[in-house]
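Visitor: Below is protein.txt; it holds compact mmCIF, C-alpha atoms.
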```
# COMPACT_ATOMS: atom_id res chain seq x y z
CA MET A 8 118.38 79.56 139.24
CA ALA A 9 120.95 80.43 141.89
CA ALA A 10 122.36 76.98 141.52
CA ALA A 11 122.65 77.29 137.75
CA THR A 12 126.17 77.55 136.41
CA LEU A 13 127.38 80.44 134.29
CA ALA A 14 127.25 78.25 131.22
CA GLU A 15 123.69 77.18 131.91
CA ARG A 16 122.64 80.77 132.40
CA SER A 17 124.34 81.99 129.24
CA GLU A 18 122.66 79.17 127.35
CA ALA A 19 119.30 80.18 128.81
CA VAL A 20 119.91 83.79 127.77
CA THR A 21 120.83 82.74 124.24
CA THR A 22 117.74 80.58 123.94
CA TYR A 23 115.55 83.32 125.39
CA ALA A 24 116.97 85.99 123.06
CA LEU A 25 116.65 83.85 119.96
CA GLU A 26 113.13 82.80 120.93
CA HIS A 27 112.15 86.43 121.20
CA VAL A 28 113.76 87.53 117.97
CA LEU A 29 112.87 84.57 115.79
CA ASP A 30 109.43 83.67 114.60
CA SER A 31 107.46 81.47 116.95
CA SER A 32 104.18 79.60 117.18
CA HIS A 33 102.86 81.40 120.24
CA TRP A 34 102.29 84.98 121.31
CA ALA A 35 103.44 85.46 124.88
CA LEU A 36 101.23 88.04 126.58
CA PRO A 37 101.41 88.78 130.30
CA PHE A 38 99.60 86.02 132.20
CA TYR A 39 98.51 84.41 128.98
CA ASN A 40 100.27 82.56 126.22
CA ILE A 41 98.37 82.50 122.96
CA HIS A 42 99.11 79.30 121.01
CA LEU A 43 98.77 80.02 117.34
CA PRO A 44 97.38 77.53 114.84
CA PRO A 45 100.04 75.71 112.79
CA TRP A 46 99.39 77.78 109.65
CA LEU A 47 99.91 81.04 111.53
CA SER A 48 103.13 82.30 113.13
CA LEU A 49 103.84 85.21 115.45
CA HIS A 50 105.35 87.33 112.67
CA MET A 51 102.30 86.73 110.52
CA VAL A 52 100.16 87.98 113.39
CA MET A 53 102.47 91.00 113.67
CA LEU A 54 102.04 91.71 109.95
CA VAL A 55 98.27 91.65 110.34
CA VAL A 56 98.33 93.70 113.56
CA GLY A 57 100.68 96.23 111.98
CA ALA A 58 98.56 96.52 108.85
CA ALA A 59 95.39 96.87 110.92
CA LEU A 60 96.95 99.49 113.21
CA LEU A 61 98.26 101.44 110.23
CA SER A 62 94.91 101.34 108.43
CA GLY A 63 93.12 102.28 111.64
CA ILE A 64 95.39 105.24 112.37
CA PHE A 65 95.10 106.61 108.83
CA ALA A 66 91.35 106.04 108.73
CA LEU A 67 90.97 107.79 112.08
CA ALA A 68 93.28 110.68 111.24
CA PHE A 69 91.66 111.36 107.87
CA ARG A 70 88.01 110.63 108.74
CA LYS A 71 87.25 114.33 108.36
CA LYS A 72 88.10 115.77 105.00
CA SER A 73 89.41 119.28 105.23
CA LEU A 74 91.64 121.31 102.97
CA VAL A 75 94.02 122.13 105.82
CA PRO A 76 94.72 119.09 108.07
CA HIS A 77 95.16 119.36 111.83
CA GLY A 78 96.94 117.33 114.47
CA ALA A 79 97.86 113.75 113.59
CA ALA A 80 96.59 114.14 110.02
CA ASN A 81 98.99 117.04 109.58
CA ALA A 82 101.96 115.02 110.85
CA LEU A 83 101.07 112.01 108.66
CA GLU A 84 100.54 114.28 105.68
CA VAL A 85 103.99 115.79 106.10
CA MET A 86 105.47 112.27 105.95
CA VAL A 87 103.35 111.32 102.93
CA LYS A 88 104.41 114.53 101.20
CA PHE A 89 108.02 113.77 102.05
CA VAL A 90 107.77 110.28 100.53
CA ARG A 91 106.06 111.67 97.42
CA ASP A 92 108.35 114.69 96.87
CA GLY A 93 111.57 113.61 98.55
CA ILE A 94 111.66 109.99 97.45
CA ALA A 95 109.21 109.27 94.61
CA ILE A 96 109.35 112.41 92.47
CA GLU A 97 113.00 113.08 93.34
CA ASN A 98 114.09 109.71 91.93
CA LEU A 99 111.40 108.75 89.43
CA GLY A 100 110.52 112.12 87.98
CA GLU A 101 107.27 114.06 88.12
CA GLU A 102 105.03 111.63 86.21
CA ASP A 103 106.29 108.22 87.40
CA GLY A 104 106.91 109.59 90.86
CA ARG A 105 103.27 110.50 91.28
CA LYS A 106 102.24 107.05 90.02
CA MET A 107 104.63 105.23 92.36
CA ALA A 108 103.96 107.42 95.39
CA PRO A 109 101.15 105.22 96.81
CA LEU A 110 103.31 102.08 96.61
CA LEU A 111 106.31 103.82 98.16
CA CYS A 112 104.14 105.36 100.87
CA SER A 113 102.79 101.88 101.66
CA PHE A 114 106.35 100.53 101.86
CA PHE A 115 107.52 103.35 104.08
CA PHE A 116 104.69 103.30 106.58
CA PHE A 117 104.34 99.50 106.71
CA ILE A 118 108.05 98.98 107.36
CA LEU A 119 108.17 101.89 109.81
CA PHE A 120 105.25 100.45 111.76
CA LEU A 121 106.64 96.92 111.81
CA ASN A 122 110.03 98.26 112.91
CA LEU A 123 108.56 100.39 115.68
CA MET A 124 106.23 97.61 116.85
CA GLY A 125 109.31 95.51 117.49
CA LEU A 126 110.41 98.10 120.04
CA ILE A 127 107.14 97.91 121.96
CA PRO A 128 106.96 95.10 124.53
CA LEU A 129 104.37 92.38 123.73
CA PHE A 130 104.94 92.82 120.01
CA ALA A 131 107.55 91.12 117.85
CA THR A 132 109.61 92.47 114.97
CA ALA A 133 108.23 91.10 111.74
CA THR A 134 110.91 92.99 109.78
CA GLY A 135 113.47 90.97 111.74
CA ASN A 136 112.26 87.96 109.75
CA VAL A 137 114.19 87.50 106.53
CA ASN A 138 111.12 86.05 104.78
CA VAL A 139 109.11 89.22 105.41
CA THR A 140 111.85 91.48 104.10
CA ALA A 141 112.32 89.13 101.16
CA GLY A 142 108.61 89.35 100.43
CA LEU A 143 108.78 93.13 100.47
CA SER A 144 111.88 93.42 98.32
CA LEU A 145 110.47 90.88 95.86
CA ILE A 146 107.59 93.31 95.39
CA THR A 147 110.19 95.94 94.49
CA LEU A 148 111.78 93.46 92.08
CA GLY A 149 108.39 92.75 90.53
CA VAL A 150 107.72 96.46 90.05
CA MET A 151 111.21 96.87 88.58
CA ILE A 152 110.73 94.09 86.02
CA PHE A 153 107.04 94.25 85.14
CA GLY A 154 106.86 98.01 85.50
CA ALA A 155 109.75 98.42 83.07
CA ILE A 156 108.25 95.89 80.61
CA HIS A 157 104.90 97.67 80.83
CA LYS A 158 106.56 101.05 80.36
CA ASN A 159 109.32 100.37 77.83
CA GLY A 160 108.24 97.02 76.35
CA LEU A 161 110.26 93.81 76.62
CA GLY A 162 112.92 95.16 74.24
CA GLY A 163 113.23 98.39 76.17
CA PHE A 164 113.52 96.46 79.42
CA LEU A 165 116.31 94.24 78.04
CA LYS A 166 118.12 97.22 76.52
CA ALA A 167 118.48 98.64 80.02
CA PHE A 168 121.12 95.97 80.66
CA ILE A 169 123.32 97.16 77.80
CA PRO A 170 125.34 100.19 78.88
CA HIS A 171 125.94 102.86 76.23
CA GLY A 172 129.31 103.47 74.62
CA VAL A 173 130.91 100.19 75.68
CA PRO A 174 132.78 98.02 73.14
CA TRP A 175 131.00 94.72 72.48
CA PRO A 176 133.59 92.34 73.97
CA VAL A 177 133.14 94.08 77.28
CA LEU A 178 129.37 93.63 76.96
CA ILE A 179 129.79 89.85 77.20
CA LEU A 180 131.00 90.46 80.73
CA LEU A 181 128.88 93.48 81.55
CA VAL A 182 125.41 92.34 80.51
CA PRO A 183 125.27 89.30 82.84
CA ILE A 184 126.67 91.44 85.64
CA GLU A 185 124.03 94.10 85.02
CA PHE A 186 121.33 91.44 84.92
CA MET A 187 122.56 89.78 88.09
CA GLY A 188 122.86 93.22 89.66
CA MET A 189 119.10 93.56 89.61
CA PHE A 190 118.73 90.46 91.78
CA ILE A 191 121.68 91.36 93.95
CA LYS A 192 120.10 94.74 94.64
CA THR A 193 116.90 93.01 95.70
CA PHE A 194 118.87 90.58 97.87
CA ALA A 195 120.76 93.47 99.46
CA LEU A 196 117.46 95.21 100.13
CA THR A 197 116.21 92.06 101.88
CA ILE A 198 119.30 91.52 104.00
CA ARG A 199 119.81 95.20 104.91
CA LEU A 200 116.41 95.59 106.54
CA PHE A 201 116.41 92.12 108.10
CA ALA A 202 119.93 92.38 109.50
CA ASN A 203 119.41 95.85 110.93
CA MET A 204 116.27 94.88 112.78
CA PHE A 205 117.52 91.47 113.83
CA ALA A 206 120.92 92.68 115.01
CA GLY A 207 119.50 95.61 116.98
CA HIS A 208 117.32 93.30 119.02
CA ILE A 209 120.09 90.78 119.53
CA VAL A 210 122.33 93.56 120.86
CA ILE A 211 119.67 94.71 123.32
CA PHE A 212 119.01 91.14 124.48
CA SER A 213 122.74 90.48 124.81
CA LEU A 214 123.27 93.57 126.97
CA ILE A 215 120.35 92.67 129.22
CA GLY A 216 121.57 89.06 129.15
CA LEU A 217 124.86 90.23 130.69
CA VAL A 218 122.95 91.15 133.85
CA VAL A 219 121.20 87.80 133.86
CA THR A 220 124.45 85.93 133.38
CA TYR A 221 126.83 87.89 135.61
CA GLY A 222 124.46 89.39 138.16
CA TRP A 223 124.55 92.90 139.62
CA VAL A 224 128.10 93.70 138.50
CA ALA A 225 126.80 93.94 134.95
CA LEU A 226 124.05 96.38 135.89
CA PRO A 227 125.56 99.32 133.92
CA ALA A 228 124.80 97.28 130.79
CA ILE A 229 121.15 98.29 131.29
CA GLY A 230 122.19 101.89 130.52
CA LEU A 231 123.89 100.69 127.35
CA ALA A 232 120.80 98.67 126.42
CA LEU A 233 118.69 101.80 126.87
CA ALA A 234 121.07 103.76 124.65
CA ILE A 235 120.86 101.04 121.98
CA TYR A 236 117.07 101.05 122.35
CA ILE A 237 116.95 104.78 121.62
CA LEU A 238 119.31 104.20 118.70
CA GLU A 239 116.91 101.47 117.51
CA ILE A 240 114.10 104.03 117.27
CA LEU A 241 116.31 106.03 114.93
CA VAL A 242 117.30 102.89 113.04
CA ALA A 243 113.62 101.96 112.63
CA LEU A 244 113.01 105.30 110.91
CA ILE A 245 116.19 105.23 108.89
CA GLN A 246 115.71 101.67 107.64
CA ALA A 247 112.11 102.40 106.58
CA TYR A 248 113.44 105.44 104.73
CA VAL A 249 116.38 103.56 103.22
CA PHE A 250 114.24 100.67 102.00
CA THR A 251 111.77 103.09 100.38
CA LEU A 252 114.49 105.29 98.91
CA LEU A 253 116.48 102.37 97.48
CA SER A 254 113.29 100.80 96.06
CA ALA A 255 112.55 104.10 94.31
CA MET A 256 116.14 104.34 93.02
CA PHE A 257 116.23 100.75 91.78
CA ILE A 258 112.87 101.13 90.07
CA ALA A 259 114.05 104.39 88.48
CA GLN A 260 117.26 102.74 87.23
CA VAL A 261 115.31 100.07 85.37
CA HIS A 262 112.46 102.35 84.25
CA HIS A 263 114.73 105.12 82.97
CA PRO A 264 117.80 103.29 81.67
CA ALA A 265 119.17 106.48 80.10
CA HIS A 266 120.13 107.81 83.51
CA MET B 205 118.18 86.98 139.85
CA GLU B 206 120.93 85.98 142.31
CA PRO B 207 124.35 87.51 141.79
CA ALA B 208 126.93 85.11 140.48
CA ASN B 209 129.27 83.71 143.13
CA PRO B 210 132.84 85.09 143.19
CA SER B 211 134.49 81.98 141.83
CA GLU B 212 132.28 82.15 138.74
CA LEU B 213 132.93 85.88 138.30
CA GLN B 214 136.61 85.11 137.82
CA ASN B 215 135.71 83.07 134.78
CA PHE B 216 134.84 85.70 132.27
CA ALA B 217 132.72 85.07 129.23
CA PRO B 218 135.43 84.16 126.68
CA VAL B 219 136.84 81.50 128.98
CA THR B 220 133.44 80.04 129.72
CA PHE B 221 132.44 79.98 126.10
CA THR B 222 135.62 78.19 125.04
CA GLU B 223 135.26 75.63 127.79
CA GLN B 224 131.65 74.98 127.09
CA PRO B 225 130.50 75.93 123.60
CA LEU B 226 127.14 77.61 122.97
CA PRO B 227 124.18 75.28 122.70
CA ALA B 228 123.47 76.51 119.16
CA ALA B 229 126.84 75.25 118.04
CA THR B 230 126.42 71.87 119.67
CA GLY B 231 123.61 70.86 117.36
CA HIS B 232 120.63 71.67 119.57
CA ASP B 233 117.50 72.11 117.53
CA GLN B 234 117.80 75.94 117.37
CA PRO B 235 115.86 77.65 114.58
CA ASN B 236 118.03 79.48 112.05
CA PRO B 237 117.25 83.17 111.47
CA LEU B 238 117.89 82.63 107.77
CA ASP B 239 115.35 79.81 107.39
CA VAL B 240 113.41 80.32 104.20
CA SER B 241 109.67 79.97 104.45
CA GLY B 242 107.57 80.31 101.32
CA SER B 243 104.38 80.66 103.30
CA MET B 244 105.83 83.61 105.23
CA VAL B 245 106.76 85.36 101.95
CA ALA B 246 103.32 84.66 100.53
CA PHE B 247 101.70 85.90 103.72
CA THR B 248 103.79 89.09 103.52
CA TRP B 249 102.56 89.63 99.97
CA LEU B 250 98.99 89.04 100.96
CA THR B 251 99.15 91.39 103.95
CA PHE B 252 101.07 94.05 102.07
CA GLY B 253 98.76 93.79 99.08
CA LEU B 254 95.65 94.18 101.20
CA LEU B 255 97.23 96.96 103.24
CA ALA B 256 98.31 98.82 100.11
CA LEU B 257 94.79 98.51 98.73
CA VAL B 258 93.13 99.69 101.94
CA LEU B 259 95.61 102.53 102.43
CA TYR B 260 95.22 103.57 98.78
CA LYS B 261 91.51 103.98 99.36
CA VAL B 262 91.69 105.38 102.91
CA ALA B 263 94.89 107.41 102.83
CA TRP B 264 97.06 107.82 99.73
CA LYS B 265 94.38 108.82 97.27
CA PRO B 266 92.65 111.40 99.50
CA ILE B 267 95.93 112.73 100.92
CA LEU B 268 97.70 113.02 97.59
CA ASN B 269 94.60 114.52 95.97
CA ALA B 270 94.25 117.00 98.83
CA LEU B 271 97.94 117.89 98.47
CA ASP B 272 97.56 118.45 94.73
CA GLN B 273 94.39 120.42 95.26
CA ARG B 274 96.01 122.61 97.87
CA GLU B 275 99.10 123.12 95.74
CA ASN B 276 96.93 124.10 92.80
CA GLN B 277 94.89 126.44 94.94
CA ILE B 278 97.98 128.12 96.29
CA LYS B 279 99.43 128.36 92.80
CA THR B 280 96.21 129.87 91.44
CA ALA B 281 95.96 132.26 94.36
CA LEU B 282 99.54 133.39 93.81
CA GLU B 283 98.97 133.81 90.09
CA GLU B 284 95.82 135.78 90.77
CA ALA B 285 97.63 137.98 93.26
CA GLU B 286 100.35 138.58 90.66
CA LYS B 287 97.72 139.41 88.04
CA THR B 288 95.93 141.75 90.41
CA ARG B 289 99.19 143.45 91.25
CA ALA B 290 99.99 143.91 87.56
CA GLU B 291 96.51 145.25 86.95
CA TYR B 292 96.82 147.62 89.86
CA ALA B 293 100.16 148.83 88.54
CA LYS B 294 98.54 149.44 85.15
CA ILE B 295 95.68 151.32 86.77
CA GLU B 296 98.12 153.35 88.83
CA GLU B 297 100.07 154.19 85.69
CA GLU B 298 96.86 155.20 83.92
CA ARG B 299 95.85 157.29 86.91
CA GLN B 300 99.22 159.04 86.92
CA ARG B 301 98.89 159.64 83.20
CA LEU B 302 95.38 161.07 83.63
CA ILE B 303 96.50 163.30 86.49
CA GLN B 304 99.39 164.55 84.40
CA GLN B 305 97.09 165.14 81.48
CA ALA B 306 94.57 166.98 83.66
CA ASP B 307 97.38 169.01 85.18
CA GLU B 308 98.65 169.99 81.76
CA LYS B 309 95.17 170.85 80.58
CA ALA B 310 94.52 172.94 83.69
CA ARG B 311 97.78 174.78 83.16
CA GLN B 312 96.82 175.37 79.53
CA ILE B 313 93.41 176.68 80.57
CA VAL B 314 94.95 178.99 83.16
CA ASP B 315 97.46 180.21 80.58
CA GLN B 316 94.74 180.78 78.05
CA ALA B 317 92.63 182.58 80.61
CA ARG B 318 95.56 184.76 81.58
CA HIS B 319 96.21 185.60 77.93
CA ALA B 320 92.54 186.31 77.35
CA ALA B 321 92.40 188.48 80.46
CA ILE B 322 95.44 190.47 79.36
CA GLU B 323 94.02 190.85 75.89
CA SER B 324 90.62 191.92 77.08
CA ALA B 325 92.22 194.29 79.56
CA GLN B 326 94.17 195.83 76.73
CA VAL B 327 91.04 196.11 74.60
CA ILE B 328 89.10 197.64 77.46
CA GLU B 329 91.92 200.04 78.17
CA ALA B 330 92.16 201.07 74.52
CA LYS B 331 88.43 201.48 74.32
CA ALA B 332 88.43 203.55 77.51
CA ARG B 333 91.23 205.64 76.18
CA ASP B 334 89.32 206.21 72.90
CA GLU B 335 86.18 207.09 74.76
CA ALA B 336 88.05 209.41 77.03
CA GLY B 337 89.58 211.04 73.95
CA ILE B 338 86.18 211.48 72.42
CA LEU B 339 84.77 212.88 75.63
CA LEU B 340 87.71 215.24 75.95
CA ALA B 341 87.31 216.37 72.35
CA ASN B 342 83.59 216.91 72.87
CA ALA B 343 84.22 218.83 76.03
CA GLN B 344 86.85 220.96 74.34
CA ARG B 345 84.54 221.59 71.41
CA GLU B 346 81.72 222.53 73.75
CA ILE B 347 83.99 224.77 75.74
CA ARG B 348 85.16 226.43 72.55
CA SER B 349 81.66 226.92 71.19
CA GLU B 350 80.50 228.24 74.56
CA HIS B 351 83.47 230.56 74.55
CA ASP B 352 82.63 231.76 71.06
CA ARG B 353 79.00 232.20 71.96
CA VAL B 354 79.92 234.17 75.10
CA ILE B 355 82.26 236.39 73.09
CA ALA B 356 79.56 236.98 70.47
CA ASP B 357 77.07 237.73 73.20
CA LEU B 358 79.51 240.05 74.87
CA ARG B 359 80.21 241.71 71.57
CA ARG B 360 76.56 242.11 70.81
CA GLU B 361 75.78 243.35 74.29
CA SER B 362 78.69 245.78 74.26
CA ALA B 363 77.58 247.02 70.84
CA GLU B 364 74.05 247.45 72.15
CA LEU B 365 75.46 249.18 75.22
CA ALA B 366 77.56 251.36 72.99
CA ILE B 367 74.59 252.14 70.80
CA SER B 368 72.43 252.96 73.79
CA LEU B 369 75.25 255.03 75.23
CA ALA B 370 75.74 256.73 71.94
CA ARG B 371 72.04 257.27 71.61
CA LYS B 372 72.07 258.86 75.08
CA ILE B 373 75.06 261.01 74.20
CA LEU B 374 73.58 261.94 70.90
CA ALA B 375 70.39 262.68 72.42
CA ASP B 376 72.20 264.75 74.90
CA GLN B 377 74.39 266.99 72.79
CA MET B 378 76.50 265.72 70.02
CA ASP B 379 76.33 266.48 66.39
CA GLU B 380 76.45 263.71 64.01
CA ALA B 381 79.96 264.29 62.80
CA ARG B 382 81.45 264.37 66.16
CA SER B 383 79.53 261.47 67.33
CA ARG B 384 80.55 259.33 64.35
CA SER B 385 84.20 259.97 64.89
CA LEU B 386 83.67 259.21 68.47
CA LEU B 387 81.82 256.05 67.57
CA GLU B 388 84.54 254.89 65.30
CA ARG B 389 87.10 255.40 67.93
CA LEU B 390 84.98 253.50 70.34
CA GLN B 391 84.51 250.66 67.92
CA GLU B 392 88.16 250.36 67.31
CA LYS B 393 88.81 250.17 70.98
CA VAL B 394 86.39 247.38 71.32
```
Give the structure from this file in structure tokens form.
Guide:
Amino acid sequence: MAAATLAERSEAVTTYALEHVLDSSHWALPFYNIHLPPWLSLHMVMLVVGAALLSGIFALAFRKKSLVPHGAANALEVMVKFVRDGIAIENLGEEDGRKMAPLLCSFFFFILFLNLMGLIPLFATATGNVNVTAGLSLITLGVMIFGAIHKNGLGGFLKAFIPHGVPWPVLILLVPIEFMGMFIKTFALTIRLFANMFAGHIVIFSLIGLVVTYGWVALPAIGLALAIYILEILVALIQAYVFTLLSAMFIAQVHHPAH
Amino acid sequence: MEPANPSELQNFAPVTFTEQPLPAATGHDQPNPLDVSGSMVAFTWLTFGLLALVLYKVAWKPILNALDQRENQIKTALEEAEKTRAEYAKIEEERQRLIQQADEKARQIVDQARHAAIESAQVIEAKARDEAGILLANAQREIRSEHDRVIADLRRESAELAISLARKILADQMDEARSRSLLERLQEKV
């Protein structure tokens, strides 16, 4: 490596960073490289691992049923209560909020776990894959559309795209925009989560890559990388919250068009 | 990792990158982060769907039910406490009312008793006065009658004494005429 030129090293860093952020066909563990079958990718494994971990933690924390929870169950319950009261009921109202709370709780904890797993060595960030975030936000879109049709009927759902008190010539312009808005919101939801998780990891890899490329002189970059890593923990929480909150808001906008 | 040699350090990143573009830009077979993969989306749905189902059973339903149950319990407990407090206040009010009533009644009874005592004292006094009057009158009457009787006795005894004296005198010396005049004088004196 000592003989490698700066360009070669920077290329190696780029390849290494992208390999670690993008989906791959093998799971690199210390001393062992698991080659995944062609129908399975690393991010798929991460989804399954995340889901299993999440189920396991909740099953373990709530194995004993008591009126007043203790320890981990208490902490998880506070978060569940926050999602129900602070996100679901706050945006969707008492009745719909209670109905949507399980879905929004699933969103919040699944995304939070996938985000945080990306910060633990050996694991990859499934939420840094645009297809995963697209899958999740398409679920929101499905709930928006089919939930509204189920709740308000097809007519009621379509009426949500016609704003009140607007002269009809303007509607020709507004209705398509409103309709497209629904898909744009979903797209924004996809990109926001993906880009935040993807970019955070790229930044960390780039800062560490500086040391690889330029040697010891770039050592202070490790401190910066650590700072970004800590920031990433915050971002993992915030993005899980934002995705859940925006899903609740978007669903509420279509389900209660009067607002 | 070996430190870069000084000649390379002079070439900073921008220079290097312009001289020799990144491999991604040169058409290497780098994967694109925005590659769309239907299977990945479907797999996300599958995982999320299963997870949501499992968590609904394991976590959301019991947690949310427990939350509701606890909230209801707390609400009921608070309502009950409020009800108990209201009841206690009512009881306290009733107690105060009863105490006041009892107080008033006691005062009335004491007043009545005082009045009755005064009245009966007056009656007793009047009766005592009457009795004393009667006793006094009786005593006076007795004294008077005793006085009269003593006077009559005295009179009779003095008359008898006079008669016996006269008889003695007469028997001694006196004629009848003289003795009569003497007797009359004596009688008058008495």
Visitor: Identify every residue of chain A that has at least one atom within 6 Å of any atom of chain B, counting only C-alpha atoms, and report the result as a list in words.
Guide: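 Every residue of chain A that passes the 6 Å test is in Ala9, Ala58, Ala66, Pro109, Ser113, Asn138, Val139, Gly142, Tyr221, Gly222 and Trp223 of chain A.
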Visitor: I want to know what sits within 7 Å of Gly57 in chain A, based on all atoms listed in the file, with residues of the same chain fewer than 4 positions away left out; could you give that as a CSV table (one decimal) with C-alpha atoms, in the frame of the given file?
Guide:
```
chain,number,residue,atom,x,y,z
A,53,MET,CA,102.5,91.0,113.7
A,61,LEU,CA,98.3,101.4,110.2
A,120,PHE,CA,105.2,100.4,111.8
A,121,LEU,CA,106.6,96.9,111.8
```
Visitor: So how far away is CA of Glu101 in chain A from CA of Met86 in chain A, in Å?
Guide: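 Value for the CA of Met86 in chain A-CA of Glu101 in chain A distance: 18.0 Å.
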Visitor: Env of Asp30 in chain A: 8 Å cut, atoms = only C-alpha atoms, seq-sep filter 6 positions within chain, self excluded. Answer as an MDAnalysis selection string.
Guide: chainID A and resid 48:50 136
Visitor: Could you write out the selected residues, including C-alpha atoms, as a PDB file, in the coordinates of the input?
Guide:
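The result, written out as again-v8.pdb:
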```pdb
ATOM      1  CA  SER A  48     103.130  82.300 113.130  1.00  0.00           C
ATOM      2  CA  LEU A  49     103.840  85.210 115.450  1.00  0.00           C
ATOM      3  CA  HIS A  50     105.350  87.330 112.670  1.00  0.00           C
ATOM      4  CA  ASN A 136     112.260  87.960 109.750  1.00  0.00           C
TER       5      ASN A 136
END
```
Visitor: Find the residues around range 353-364 of chain B up to 9 Å (only C-alpha atoms counted), leave out those fewer than 5 positions away in its own chain, and share them as an MDAnalysis selection string.
Guide: chainID B and resid 348 369 391 394
Visitor: One decimal, Å: what's the distance from CA of Ser62 in chain A over to CA of His33 in chain A, could you say?
Guide: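 Between CA of Ser62 in chain A and CA of His33 in chain A the gap is 24.5 Å.
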Visitor: Residues within 9 Å of range 155-169 of chain A, please, as a tab-separated table (two decimals) with C-alpha atoms, keeping the file's coordinate frame. Count only C-alpha atoms; anything in the same chain fewer than 2 positions from it doesn't count.
Guide:
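Generated output (part.tsv):
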```tsv
chain	number	residue	atom	x	y	z
A	150	VAL	CA	107.72	96.46	90.05
A	151	MET	CA	111.21	96.87	88.58
A	152	ILE	CA	110.73	94.09	86.02
A	153	PHE	CA	107.04	94.25	85.14
A	171	HIS	CA	125.94	102.86	76.23
A	173	VAL	CA	130.91	100.19	75.68
A	178	LEU	CA	129.37	93.63	76.96
A	181	LEU	CA	128.88	93.48	81.55
A	182	VAL	CA	125.41	92.34	80.51
A	183	PRO	CA	125.27	89.30	82.84
A	184	ILE	CA	126.67	91.44	85.64
A	185	GLU	CA	124.03	94.10	85.02
A	186	PHE	CA	121.33	91.44	84.92
A	258	ILE	CA	112.87	101.13	90.07
A	260	GLN	CA	117.26	102.74	87.23
A	261	VAL	CA	115.31	100.07	85.37
A	262	HIS	CA	112.46	102.35	84.25
A	263	HIS	CA	114.73	105.12	82.97
A	264	PRO	CA	117.80	103.29	81.67
A	265	ALA	CA	119.17	106.48	80.10
```
Visitor: Please compute the CA of Ala206 in chain A-CA of Gly135 in chain A distance, one decimal, in Å.
Guide: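 CA of Gly135 in chain A lies at a distance of 8.3 Å from CA of Ala206 in chain A.
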Visitor: Please return the centre and edge lengths, in Å to one decimal, of a box with edges along x, y and z that contains all listed atoms of range 244-259 of chain A, widened by 6 Å on every side, as AutoDock Vina command-line options.
Guide:
```
--center_x 114.1 --center_y 103.1 --center_z 99.7 --size_x 16.7 --size_y 16.8 --size_z 34.4
```
Visitor: Please determine, counting all atoms listed in the file, which residue among A:Ala19, A:Phe38, A:Ile127, A:Lys88 has the shortest atom-to-atom distance to Glu275 in chain B.
Guide: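 That would be A:Lys88, the residue with the smallest distance to Glu275 in chain B.
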Visitor: Would you output range 291-309 of chain B from that structure, restricted to C-alpha atoms, as a compact mmCIF listing (two decimals), in the first residue's frame?
Guide:
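Result file is selection29.txt:
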```txt
# COMPACT_ATOMS: atom_id res chain seq x y z
CA GLU B 291 -69.28 13.15 50.54
CA TYR B 292 -66.98 13.97 53.41
CA ALA B 293 -67.70 17.66 52.95
CA LYS B 294 -71.43 16.89 53.04
CA ILE B 295 -71.00 14.81 56.18
CA GLU B 296 -68.92 17.54 57.77
CA GLU B 297 -71.61 20.08 56.93
CA GLU B 298 -74.27 17.81 58.39
CA ARG B 299 -72.16 17.30 61.49
CA GLN B 300 -71.73 21.04 61.90
CA ARG B 301 -75.46 21.49 61.45
CA LEU B 302 -76.22 18.81 64.05
CA ILE B 303 -73.74 20.31 66.51
CA GLN B 304 -75.30 23.72 66.02
CA GLN B 305 -78.74 22.26 66.46
CA ALA B 306 -77.70 20.39 69.61
CA ASP B 307 -76.04 23.54 70.91
CA GLU B 308 -79.18 25.55 70.34
CA LYS B 309 -81.32 22.88 71.94
```
